[in-house]
Structure formats: C-alpha cells, structure tokens
Amino acid sequence: MTAIEASSGAAVRRRWSGARIWTVAGAVAVVVCVWGFYAWNGPQTTAVLSGTVRAATLLVLGAMCGMLGERSGIVNIGIEGQFLMSAFAAFTVASIAGSLFAGVVAGVAAGLAMGWMLAAMSIGLRTDQIIAGTVLNIAALGLTSFFYDRGRSLGQLKYQAIELGPLADLPVVGRALFNRPPLTYVALVLVVVLHVLLLRSVWGMRTTAVGEHPGAAATVGVDVIRLRYLNVTLAGGLAGLGGAYLALEAVGTFTRAMSGGRGFLALAVMIFGRRTPLGAYAAALFFGFTTALQNQFQLNDTFDIPAQFVGMLPFVVTIIVVAAAGLFGHMRDPAALGQPYEVR
C-alpha cells in the first residue's frame, strides 16, 4: 500500500468516524427531547409523533421512487404527478368497486404506468429528463382535475389502525409506530427490503453501475436500457403506493391537487437521506416532524399570525436543510445522472 493510499484511507475513516459521532449525538439529543416533552405533555407529544409517522410514510415512498431512478441515472421530478394520478386512480376504483384492496392495486398500476411513461420519454426517446418529469406533473394535474367527480366518496371505506399486540402499549413510540394502518407497515417493510437489495444484491450493484458508468456496465453484459426501464417503472410503483396511501389511508378521499407539493419534498428527503432507504426514512421523519408541528401550531392557534405563514414551515425547513447539505455535505450525484445512454 502506498503512502497516498494509506493517507486517503485514514481520511475516509476519520470522516466516517466523525459522521458516526454526529449521528449518535443527534440521536441521543432527539431521544432526550422526546422523553422530556412526553413527560411534560404526553397526549400532545403522542399526537405529534403520530403525525410525524403519518407524514413520513408518504415522503419516504416518494423518496424511494426518486432514489431508484437516480441510482439508475434517471432524474425524476414527476413524483408529484405520480402521487396525484395514483391517488385519483386508487380513490376512483375503490369507490366504484367498494374495495380498498382494489383501490391500492389501481393506484400501484397507475404509478407503474406513469413510471413506464417517464422511462419511455427519458430512455427510449432520450427527452430531457427534467422536461419529461414536468410533462407528467402537468398531465396528472390536468387529467385528475378534468375527471374529478365532486360527488364521489368512499363512504365508510378507509384503512383503520391495526395494533401490533403489546408493542402498541410501549410508552412514547407505541401508539405512533405500532398502532398504524396497514399501508404504513407495508412502507416500513419496503424501506428495509429496498435498503438490503440496493446495497447487498447483484441487482443493486448493477443499478449503481448503470447510474455511475453505464458504458462499463454494458461491457460486462449488463443490459443498461432494459435495467433502466425496469427500475424507473418499478420506482413508479412505489410512488403509486404512495398515492394510494394518501387517498385511502392518510386522507380517505380525493381532492384536486391533493399531493400539495409532497412530491418535491420527497426529492429533498432523498437528497438529505443520501439516496439510501434508511437514510431517506430518517430524513422523512425529520420533515414529517415539521409538518406535524405545523399542524399542531394551527390547531392550537399557537401563533397569532395568518395560517399561511405557519403552513410555510415544512418548505422553509426544506430550503434550509437542502442548502446546508449542499454547503457542508460530502454527497455527490451519480456520475451518469441525467445523461442519456446510447447503445453502440
């Protein structure tokens, strides 16, 4: 080993050790603060934590959608449109069929279709990826607004919470994490599964390869075009599940433009989480906390200011955090991100 390699390795170890120290310190600070607030006002703390998990579920599904695309080299700013179209499909099918499961299937199918359309434009037609995502957002907003039926409703249909036995009785986190509706549990399982697959499987290594050096991946037999199509389409399915969650579990209805900018927040969550599922979920909890806190402020009339200013809190925090991550972080984009690949 040369002196340069040794010093480089030492620098990496120091950076990682420093990151671990800050992570542990931050986790300890969060736990202490939560316990303190719980001791001071238990019911309100539980409500904020439940709202945090509720908001984080949608954000992490959108973040995993964007992450799977970007790790493959495809930028996806159409998550907002995928959320909206999937929520509309899930709500409409569930209200017609009288089945929440049918609604979830329809929402995921709509997300897969939107993912395939993004892949067709970005990979097949080599359209600018930002424009392709913008087309999805505009199309979803226009179509759902045009076909929206104000008189349609789910009636009594809505996913209800399922208690996970004694875990639901744990102090502080029991009601927030272990007394949730089913799609929240599905999202948590998907976070762990996707994290393992991306970082420990052959598919994950090939996905990273086509996002970093697609030409090199092609020379060892990886079908770059096919893998990118597959990943971007599957990513749309994750956003589709997010849309179904929004309509059938989080809200229980559909309204025009109900995604409310959460698709763009999901991109911030993905960046802040360093394009890893577990990191994205930690970031989603942070952003979800700001949303839950904003809701509590509005419910309790904490500040004597217009509600619109209080509603800005999650987006202001997003701007600050992403800017700080860009200034002080060490993360870089995949080398081939946004670059069309041509078979030679």
# chains A, B, ... in the order shown; residues from 1 in each chain; ligands from 1
$ residues_around --residues "Gly338 in chain A" --least-positions-apart "5" --cutoff "7 Å" --atoms "only C-alpha atoms" --output "mmCIF file with N, CA, C and O atoms, in the first residue's frame"
data_model
loop_
_atom_site.group_PDB
_atom_site.id
_atom_site.type_symbol
_atom_site.label_atom_id
_atom_site.label_comp_id
_atom_site.auth_asym_id
_atom_site.auth_seq_id
_atom_site.Cartn_x
_atom_site.Cartn_y
_atom_site.Cartn_z
ATOM 1 N N GLY A 73 -29.510 6.520 -12.929
ATOM 2 C CA GLY A 73 -29.091 7.573 -13.833
ATOM 3 C C GLY A 73 -30.218 8.423 -14.392
ATOM 4 O O GLY A 73 -29.985 9.252 -15.273
ATOM 5 N N ILE A 74 -31.446 8.248 -13.881
ATOM 6 C CA ILE A 74 -32.603 8.962 -14.418
ATOM 7 C C ILE A 74 -33.162 9.912 -13.361
ATOM 8 O O ILE A 74 -33.541 9.493 -12.263
ATOM 9 N N VAL A 75 -33.225 11.194 -13.683
ATOM 10 C CA VAL A 75 -33.814 12.194 -12.791
ATOM 11 C C VAL A 75 -35.336 12.108 -12.891
ATOM 12 O O VAL A 75 -35.886 12.051 -13.986
ATOM 13 N N GLN A 129 -34.714 14.936 -19.256
ATOM 14 C CA GLN A 129 -35.398 14.271 -18.142
ATOM 15 C C GLN A 129 -36.197 15.236 -17.276
ATOM 16 O O GLN A 129 -37.234 14.868 -16.713
#
$ residues_around --residues "Arg175 in chain A" --least-positions-apart "4" --cutoff "12 Å" --atoms "only C-alpha atoms" --output "list in words"
Gly42, Pro43, Thr45, Thr46, Ala47, Val48, Leu49, Ser50, Gly51, Thr52, Val53, Arg54, Ala161, Ile162, Glu163, Leu164, Gly165, Pro166, Leu167, Ala168, Asp169, Leu170, Pro171, Asn179, Arg180 and Pro181 of chain A
$ write_last_selection --atoms "N, CA, C and O atoms" --output "short mmCIF file (atom, residue, chain, number, x, y, z; two decimals), in the first residue's frame"
data_model
loop_
_atom_site.label_atom_id
_atom_site.label_comp_id
_atom_site.auth_asym_id
_atom_site.auth_seq_id
_atom_site.Cartn_x
_atom_site.Cartn_y
_atom_site.Cartn_z
N GLY A 42 -47.84 14.36 27.62
CA GLY A 42 -47.86 13.08 26.92
C GLY A 42 -48.80 13.01 25.74
O GLY A 42 -48.40 12.64 24.63
N PRO A 43 -50.09 13.38 25.89
CA PRO A 43 -51.02 13.26 24.76
C PRO A 43 -50.62 14.09 23.55
O PRO A 43 -50.71 13.63 22.41
N THR A 45 -47.57 15.13 22.78
CA THR A 45 -46.35 14.54 22.21
C THR A 45 -46.69 13.33 21.36
O THR A 45 -46.16 13.14 20.26
N THR A 46 -47.61 12.48 21.85
CA THR A 46 -48.04 11.31 21.08
C THR A 46 -48.70 11.72 19.78
O THR A 46 -48.48 11.11 18.73
N ALA A 47 -49.50 12.79 19.83
CA ALA A 47 -50.17 13.27 18.61
C ALA A 47 -49.15 13.77 17.60
O ALA A 47 -49.27 13.51 16.39
N VAL A 48 -48.12 14.48 18.07
CA VAL A 48 -47.09 14.98 17.15
C VAL A 48 -46.30 13.82 16.55
O VAL A 48 -46.02 13.80 15.34
N LEU A 49 -45.97 12.82 17.37
CA LEU A 49 -45.22 11.67 16.85
C LEU A 49 -46.05 10.87 15.85
O LEU A 49 -45.53 10.41 14.82
N SER A 50 -47.34 10.71 16.12
CA SER A 50 -48.21 10.01 15.17
C SER A 50 -48.31 10.78 13.86
O SER A 50 -48.27 10.19 12.77
N GLY A 51 -48.42 12.10 13.95
CA GLY A 51 -48.45 12.92 12.74
C GLY A 51 -47.13 12.86 11.99
O GLY A 51 -47.11 12.90 10.75
N THR A 52 -46.04 12.73 12.72
CA THR A 52 -44.72 12.61 12.09
C THR A 52 -44.64 11.35 11.25
O THR A 52 -44.21 11.38 10.09
N VAL A 53 -45.05 10.22 11.82
CA VAL A 53 -45.02 8.95 11.09
C VAL A 53 -45.97 8.98 9.90
O VAL A 53 -45.66 8.50 8.81
N ARG A 54 -47.14 9.60 10.10
CA ARG A 54 -48.12 9.69 9.02
C ARG A 54 -47.56 10.46 7.83
O ARG A 54 -47.67 10.05 6.68
N ALA A 161 -56.44 1.62 11.82
CA ALA A 161 -55.21 1.21 12.50
C ALA A 161 -55.30 -0.24 12.97
O ALA A 161 -56.37 -0.74 13.33
N ILE A 162 -54.14 -0.91 12.94
CA ILE A 162 -54.02 -2.29 13.42
C ILE A 162 -52.98 -2.30 14.54
O ILE A 162 -51.82 -1.95 14.31
N GLU A 163 -53.39 -2.70 15.71
CA GLU A 163 -52.45 -2.75 16.84
C GLU A 163 -51.57 -3.99 16.74
O GLU A 163 -52.06 -5.09 16.48
N LEU A 164 -50.28 -3.81 16.97
CA LEU A 164 -49.35 -4.94 16.96
C LEU A 164 -49.10 -5.42 18.39
O LEU A 164 -48.00 -5.33 18.93
N GLY A 165 -50.16 -5.90 19.01
CA GLY A 165 -50.07 -6.53 20.32
C GLY A 165 -49.47 -5.62 21.39
O GLY A 165 -49.74 -4.42 21.43
N PRO A 166 -48.60 -6.20 22.23
CA PRO A 166 -48.01 -5.43 23.33
C PRO A 166 -47.14 -4.26 22.86
O PRO A 166 -46.91 -3.32 23.61
N LEU A 167 -46.64 -4.32 21.61
CA LEU A 167 -45.80 -3.23 21.11
C LEU A 167 -46.56 -1.91 21.08
O LEU A 167 -45.97 -0.84 21.27
N ALA A 168 -47.87 -1.99 20.85
CA ALA A 168 -48.67 -0.77 20.79
C ALA A 168 -48.81 -0.09 22.15
O ALA A 168 -49.19 1.07 22.22
N ASP A 169 -48.49 -0.83 23.22
CA ASP A 169 -48.61 -0.26 24.57
C ASP A 169 -47.29 0.31 25.09
O ASP A 169 -47.24 0.79 26.23
N LEU A 170 -46.25 0.26 24.29
CA LEU A 170 -44.98 0.84 24.71
C LEU A 170 -45.12 2.35 24.91
O LEU A 170 -45.86 3.01 24.16
N PRO A 171 -44.44 2.92 25.89
CA PRO A 171 -44.52 4.38 26.08
C PRO A 171 -43.87 5.13 24.91
O PRO A 171 -42.96 4.61 24.26
N ASN A 179 -49.33 1.18 16.08
CA ASN A 179 -50.79 1.24 16.01
C ASN A 179 -51.15 2.04 14.76
O ASN A 179 -51.79 3.09 14.83
N ARG A 180 -50.74 1.51 13.62
CA ARG A 180 -50.88 2.22 12.35
C ARG A 180 -51.73 1.39 11.38
O ARG A 180 -51.83 0.17 11.50
N PRO A 181 -52.30 2.03 10.36
CA PRO A 181 -53.00 1.30 9.30
C PRO A 181 -52.02 0.47 8.46
O PRO A 181 -50.80 0.69 8.50
#
$ closest_residue --among "A:Gly103, A:Gly273, A:Gly279, A:Pro340" --to "Arg228 in chain A" --atoms "only C-alpha atoms"
A:Pro340
$ closest_residue --among "A:Leu199, A:Leu157, A:Ala257, A:Leu238" --to "Leu100 in chain A" --atoms "only C-alpha atoms"
A:Leu157
$ atom_distance --atom1 "CA of Ala266 in chain A" --atom2 "CA of Gly62 in chain A"
5.2 Å
$ residues_around --residues "Ala140 in chain A" --least-positions-apart "4" --cutoff "8 Å" --atoms "only C-alpha atoms" --output "list in words"
Gly81, Gln82, Leu84, Met85, Leu136 and Thr144 of chain A
$ write_last_selection --atoms "C-alpha atoms" --output "PDB file, in the first residue's frame"
ATOM      1  CA  GLY A  81     -47.695  13.884 -10.744  1.00  0.00           C
ATOM      2  CA  GLN A  82     -47.278  10.190  -9.959  1.00  0.00           C
ATOM      3  CA  LEU A  84     -51.636  12.685  -7.818  1.00  0.00           C
ATOM      4  CA  MET A  85     -52.567  10.300 -10.632  1.00  0.00           C
ATOM      5  CA  LEU A 136     -46.018  14.073 -16.051  1.00  0.00           C
ATOM      6  CA  THR A 144     -57.332  14.483 -12.478  1.00  0.00           C
TER       7      THR A 144
END
$ select_by_dssp --residues "range 84-300 of chain A" --states "alpha helix (DSSP H)" --output "PyMOL selection string"
chain A and resi 84-97+100-119+129-147+174-177+182-200+202-212+214-219+224-245+262-272+277-300
$ write_last_selection --atoms "C-alpha atoms" --output "compact mmCIF listing (two decimals), in the first residue's frame"
# COMPACT_ATOMS: atom_id res chain seq x y z
CA LEU A 84 -51.64 12.68 -7.82
CA MET A 85 -52.57 10.30 -10.63
CA SER A 86 -52.20 7.24 -8.38
CA ALA A 87 -54.31 8.82 -5.63
CA PHE A 88 -57.02 9.58 -8.18
CA ALA A 89 -56.95 6.04 -9.61
CA ALA A 90 -56.97 4.44 -6.14
CA PHE A 91 -59.86 6.61 -4.95
CA THR A 92 -61.94 6.14 -8.08
CA VAL A 93 -61.55 2.35 -8.27
CA ALA A 94 -62.08 1.89 -4.52
CA SER A 95 -65.27 3.96 -4.62
CA ILE A 96 -66.64 2.04 -7.63
CA ALA A 97 -65.61 -1.45 -6.52
CA LEU A 100 -59.78 -0.76 -0.61
CA PHE A 101 -57.53 -3.52 -1.90
CA ALA A 102 -58.77 -2.95 -5.46
CA GLY A 103 -58.04 0.74 -4.97
CA VAL A 104 -54.47 0.02 -3.87
CA VAL A 105 -53.92 -2.24 -6.88
CA ALA A 106 -55.26 0.51 -9.17
CA GLY A 107 -53.02 3.12 -7.52
CA VAL A 108 -49.90 0.98 -7.89
CA ALA A 109 -50.85 0.16 -11.50
CA ALA A 110 -51.25 3.89 -12.27
CA GLY A 111 -47.84 4.54 -10.72
CA LEU A 112 -46.25 1.77 -12.78
CA ALA A 113 -47.82 3.22 -15.93
CA MET A 114 -46.53 6.70 -15.09
CA GLY A 115 -43.09 5.25 -14.37
CA TRP A 116 -43.08 3.48 -17.72
CA MET A 117 -44.07 6.71 -19.49
CA LEU A 118 -41.20 8.54 -17.80
CA ALA A 119 -38.84 5.76 -18.87
CA GLN A 129 -35.40 14.27 -18.14
CA ILE A 130 -36.50 17.46 -16.39
CA ILE A 131 -38.96 18.19 -19.19
CA ALA A 132 -40.24 14.59 -19.08
CA GLY A 133 -40.97 14.87 -15.36
CA THR A 134 -42.64 18.25 -15.85
CA VAL A 135 -44.88 16.74 -18.53
CA LEU A 136 -46.02 14.07 -16.05
CA ASN A 137 -46.81 16.69 -13.41
CA ILE A 138 -48.83 18.87 -15.77
CA ALA A 139 -50.66 15.91 -17.33
CA ALA A 140 -51.59 14.46 -13.93
CA LEU A 141 -52.89 17.79 -12.65
CA GLY A 142 -54.93 18.41 -15.79
CA LEU A 143 -56.41 14.91 -16.13
CA THR A 144 -57.33 14.48 -12.48
CA SER A 145 -58.91 17.95 -12.33
CA PHE A 146 -60.92 17.28 -15.52
CA PHE A 147 -62.24 13.84 -14.47
CA GLY A 174 -46.10 2.53 20.89
CA ARG A 175 -49.08 4.47 19.53
CA ALA A 176 -47.02 6.24 16.90
CA LEU A 177 -45.27 3.22 15.34
CA PRO A 182 -51.65 -1.46 7.01
CA LEU A 183 -50.08 0.63 4.25
CA THR A 184 -47.79 2.27 6.80
CA TYR A 185 -46.49 -1.15 7.81
CA VAL A 186 -46.03 -2.06 4.13
CA ALA A 187 -43.98 1.11 3.60
CA LEU A 188 -41.75 0.31 6.60
CA VAL A 189 -41.11 -3.20 5.27
CA LEU A 190 -40.31 -1.80 1.81
CA VAL A 191 -37.74 0.58 3.33
CA VAL A 192 -35.81 -2.32 4.86
CA VAL A 193 -36.17 -4.61 1.83
CA LEU A 194 -35.09 -1.97 -0.67
CA HIS A 195 -32.13 -0.95 1.52
CA VAL A 196 -30.87 -4.54 1.61
CA LEU A 197 -31.46 -5.10 -2.11
CA LEU A 198 -29.77 -1.86 -3.18
CA LEU A 199 -26.67 -2.33 -1.03
CA ARG A 200 -26.31 -6.12 -0.84
CA VAL A 202 -26.44 -8.21 -7.57
CA TRP A 203 -29.38 -6.16 -8.83
CA GLY A 204 -28.36 -3.32 -6.53
CA MET A 205 -24.76 -3.39 -7.71
CA ARG A 206 -25.88 -3.39 -11.34
CA THR A 207 -28.24 -0.50 -10.64
CA THR A 208 -25.39 1.51 -9.16
CA ALA A 209 -23.21 0.60 -12.12
CA VAL A 210 -25.67 1.85 -14.75
CA GLY A 211 -26.01 5.10 -12.81
CA GLU A 212 -22.27 5.64 -12.48
CA PRO A 214 -23.26 2.67 -17.98
CA GLY A 215 -20.67 2.06 -20.68
CA ALA A 216 -18.53 -0.02 -18.35
CA ALA A 217 -21.60 -1.91 -17.13
CA ALA A 218 -22.53 -2.72 -20.73
CA THR A 219 -19.08 -4.18 -21.42
CA VAL A 224 -28.36 -0.83 -19.49
CA ILE A 225 -31.51 0.17 -21.35
CA ARG A 226 -33.53 -2.75 -20.02
CA LEU A 227 -32.39 -2.26 -16.42
CA ARG A 228 -33.12 1.46 -16.52
CA TYR A 229 -36.59 0.80 -17.94
CA LEU A 230 -37.24 -1.78 -15.23
CA ASN A 231 -36.03 0.39 -12.37
CA VAL A 232 -37.84 3.57 -13.41
CA THR A 233 -41.07 1.61 -13.91
CA LEU A 234 -40.75 -0.11 -10.52
CA ALA A 235 -39.99 3.27 -8.96
CA GLY A 236 -43.30 4.49 -10.34
CA GLY A 237 -44.97 1.62 -8.48
CA LEU A 238 -43.53 2.93 -5.21
CA ALA A 239 -44.97 6.38 -5.95
CA GLY A 240 -48.24 4.65 -6.87
CA LEU A 241 -48.35 3.04 -3.45
CA GLY A 242 -47.74 6.50 -2.01
CA GLY A 243 -50.70 7.89 -3.93
CA ALA A 244 -52.92 5.03 -2.73
CA TYR A 245 -51.74 5.68 0.83
CA ARG A 262 -45.14 16.50 -1.32
CA GLY A 263 -43.52 15.02 -4.42
CA PHE A 264 -40.95 17.83 -4.39
CA LEU A 265 -40.47 17.43 -0.64
CA ALA A 266 -39.76 13.75 -1.32
CA LEU A 267 -36.87 14.77 -3.58
CA ALA A 268 -35.43 16.84 -0.73
CA VAL A 269 -35.84 13.83 1.58
CA MET A 270 -33.98 11.65 -0.93
CA ILE A 271 -31.08 14.12 -1.14
CA PHE A 272 -30.90 14.66 2.61
CA PRO A 277 -33.71 3.98 2.00
CA LEU A 278 -32.87 4.01 5.72
CA GLY A 279 -31.31 7.46 5.42
CA ALA A 280 -34.35 8.64 3.49
CA TYR A 281 -36.67 7.37 6.22
CA ALA A 282 -34.68 9.21 8.88
CA ALA A 283 -34.90 12.37 6.75
CA ALA A 284 -38.62 11.75 6.14
CA LEU A 285 -39.21 11.56 9.90
CA PHE A 286 -37.46 14.91 10.28
CA PHE A 287 -39.55 16.58 7.58
CA GLY A 288 -42.65 14.78 8.83
CA PHE A 289 -42.00 16.25 12.27
CA THR A 290 -42.03 19.77 10.84
CA THR A 291 -45.36 19.01 9.15
CA ALA A 292 -46.85 17.56 12.34
CA LEU A 293 -45.56 20.52 14.34
CA GLN A 294 -47.10 22.93 11.84
CA ASN A 295 -50.46 21.14 12.15
CA GLN A 296 -50.32 21.37 15.95
CA PHE A 297 -49.50 25.07 15.76
CA GLN A 298 -52.52 25.65 13.55
CA LEU A 299 -54.86 23.54 15.69
CA ASN A 300 -53.82 25.24 18.92
$ atom_distance --atom1 "CA of Phe315 in chain A" --atom2 "CA of Thr253 in chain A"
24.1 Å
$ select_by_dssp --residues "range 79-194 of chain A" --states "strand (DSSP E)" --output "ChimeraX atom specification"
/A:162-163,179-180
$ write_last_selection --atoms "N, CA and C atoms" --output "PDB file, in the first residue's frame"
ATOM      1  N   ILE A 162     -54.145  -0.911  12.943  1.00  0.00           N
ATOM      2  CA  ILE A 162     -54.019  -2.290  13.421  1.00  0.00           C
ATOM      3  C   ILE A 162     -52.984  -2.299  14.535  1.00  0.00           C
ATOM      4  N   GLU A 163     -53.387  -2.704  15.713  1.00  0.00           N
ATOM      5  CA  GLU A 163     -52.453  -2.748  16.836  1.00  0.00           C
ATOM      6  C   GLU A 163     -51.570  -3.991  16.740  1.00  0.00           C
ATOM      7  N   ASN A 179     -49.330   1.176  16.082  1.00  0.00           N
ATOM      8  CA  ASN A 179     -50.788   1.241  16.010  1.00  0.00           C
ATOM      9  C   ASN A 179     -51.155   2.042  14.764  1.00  0.00           C
ATOM     10  N   ARG A 180     -50.737   1.507  13.617  1.00  0.00           N
ATOM     11  CA  ARG A 180     -50.883   2.216  12.350  1.00  0.00           C
ATOM     12  C   ARG A 180     -51.730   1.395  11.376  1.00  0.00           C
TER      13      ARG A 180
END
$ decode --residues "range 98-110 of chain A" --atoms "all heavy atoms" --output "mmCIF file, in the first residue's frame"
data_model
loop_
_atom_site.group_PDB
_atom_site.id
_atom_site.type_symbol
_atom_site.label_atom_id
_atom_site.label_comp_id
_atom_site.auth_asym_id
_atom_site.auth_seq_id
_atom_site.Cartn_x
_atom_site.Cartn_y
_atom_site.Cartn_z
ATOM 1 N N GLY A 98 -65.939 -0.697 -4.241
ATOM 2 C CA GLY A 98 -66.221 -0.901 -2.827
ATOM 3 C C GLY A 98 -65.155 -1.712 -2.131
ATOM 4 O O GLY A 98 -65.423 -2.377 -1.128
ATOM 5 N N SER A 99 -63.927 -1.660 -2.648
ATOM 6 C CA SER A 99 -62.831 -2.457 -2.098
ATOM 7 C C SER A 99 -61.580 -1.603 -2.001
ATOM 8 O O SER A 99 -61.114 -1.052 -3.009
ATOM 9 C CB SER A 99 -62.547 -3.672 -2.992
ATOM 10 O OG SER A 99 -61.330 -4.289 -2.646
ATOM 11 N N LEU A 100 -61.022 -1.501 -0.790
ATOM 12 C CA LEU A 100 -59.784 -0.755 -0.611
ATOM 13 C C LEU A 100 -58.620 -1.458 -1.293
ATOM 14 O O LEU A 100 -57.734 -0.802 -1.853
ATOM 15 C CB LEU A 100 -59.497 -0.570 0.882
ATOM 16 C CG LEU A 100 -60.454 0.348 1.640
ATOM 17 C CD1 LEU A 100 -60.147 0.312 3.136
ATOM 18 C CD2 LEU A 100 -60.353 1.781 1.128
ATOM 19 N N PHE A 101 -58.614 -2.781 -1.256
ATOM 20 C CA PHE A 101 -57.527 -3.521 -1.903
ATOM 21 C C PHE A 101 -57.517 -3.257 -3.401
ATOM 22 O O PHE A 101 -56.447 -3.053 -4.005
ATOM 23 C CB PHE A 101 -57.659 -5.013 -1.627
ATOM 24 C CG PHE A 101 -56.583 -5.844 -2.278
ATOM 25 C CD1 PHE A 101 -55.292 -5.855 -1.772
ATOM 26 C CD2 PHE A 101 -56.864 -6.588 -3.419
ATOM 27 C CE1 PHE A 101 -54.292 -6.612 -2.380
ATOM 28 C CE2 PHE A 101 -55.881 -7.344 -4.030
ATOM 29 C CZ PHE A 101 -54.589 -7.361 -3.511
ATOM 30 N N ALA A 102 -58.692 -3.247 -4.026
ATOM 31 C CA ALA A 102 -58.771 -2.949 -5.459
ATOM 32 C C ALA A 102 -58.253 -1.538 -5.725
ATOM 33 O O ALA A 102 -57.589 -1.288 -6.742
ATOM 34 C CB ALA A 102 -60.209 -3.089 -5.952
ATOM 35 N N GLY A 103 -58.546 -0.617 -4.814
ATOM 36 C CA GLY A 103 -58.036 0.745 -4.969
ATOM 37 C C GLY A 103 -56.523 0.802 -4.895
ATOM 38 O O GLY A 103 -55.874 1.517 -5.671
ATOM 39 N N VAL A 104 -55.928 0.044 -3.971
ATOM 40 C CA VAL A 104 -54.466 0.016 -3.867
ATOM 41 C C VAL A 104 -53.854 -0.548 -5.135
ATOM 42 O O VAL A 104 -52.864 -0.019 -5.661
ATOM 43 C CB VAL A 104 -54.027 -0.804 -2.632
ATOM 44 C CG1 VAL A 104 -52.518 -1.000 -2.634
ATOM 45 C CG2 VAL A 104 -54.455 -0.112 -1.353
ATOM 46 N N VAL A 105 -54.425 -1.636 -5.642
ATOM 47 C CA VAL A 105 -53.921 -2.236 -6.885
ATOM 48 C C VAL A 105 -53.998 -1.230 -8.027
ATOM 49 O O VAL A 105 -53.055 -1.088 -8.826
ATOM 50 C CB VAL A 105 -54.723 -3.510 -7.229
ATOM 51 C CG1 VAL A 105 -54.350 -4.026 -8.625
ATOM 52 C CG2 VAL A 105 -54.467 -4.596 -6.185
ATOM 53 N N ALA A 106 -55.104 -0.492 -8.117
ATOM 54 C CA ALA A 106 -55.257 0.513 -9.171
ATOM 55 C C ALA A 106 -54.244 1.634 -9.005
ATOM 56 O O ALA A 106 -53.668 2.122 -9.992
ATOM 57 C CB ALA A 106 -56.676 1.074 -9.154
ATOM 58 N N GLY A 107 -54.003 2.062 -7.755
ATOM 59 C CA GLY A 107 -53.025 3.122 -7.521
ATOM 60 C C GLY A 107 -51.619 2.698 -7.914
ATOM 61 O O GLY A 107 -50.883 3.455 -8.560
ATOM 62 N N VAL A 108 -51.236 1.487 -7.528
ATOM 63 C CA VAL A 108 -49.901 0.984 -7.888
ATOM 64 C C VAL A 108 -49.791 0.824 -9.404
ATOM 65 O O VAL A 108 -48.757 1.154 -10.005
ATOM 66 C CB VAL A 108 -49.619 -0.352 -7.172
ATOM 67 C CG1 VAL A 108 -48.322 -0.977 -7.681
ATOM 68 C CG2 VAL A 108 -49.542 -0.130 -5.664
ATOM 69 N N ALA A 109 -50.863 0.319 -10.044
ATOM 70 C CA ALA A 109 -50.852 0.160 -11.504
ATOM 71 C C ALA A 109 -50.695 1.512 -12.197
ATOM 72 O O ALA A 109 -49.945 1.641 -13.184
ATOM 73 C CB ALA A 109 -52.136 -0.524 -11.966
ATOM 74 N N ALA A 110 -51.392 2.542 -11.690
ATOM 75 C CA ALA A 110 -51.249 3.886 -12.267
ATOM 76 C C ALA A 110 -49.827 4.391 -12.091
ATOM 77 O O ALA A 110 -49.253 5.009 -13.008
ATOM 78 C CB ALA A 110 -52.239 4.847 -11.611
#
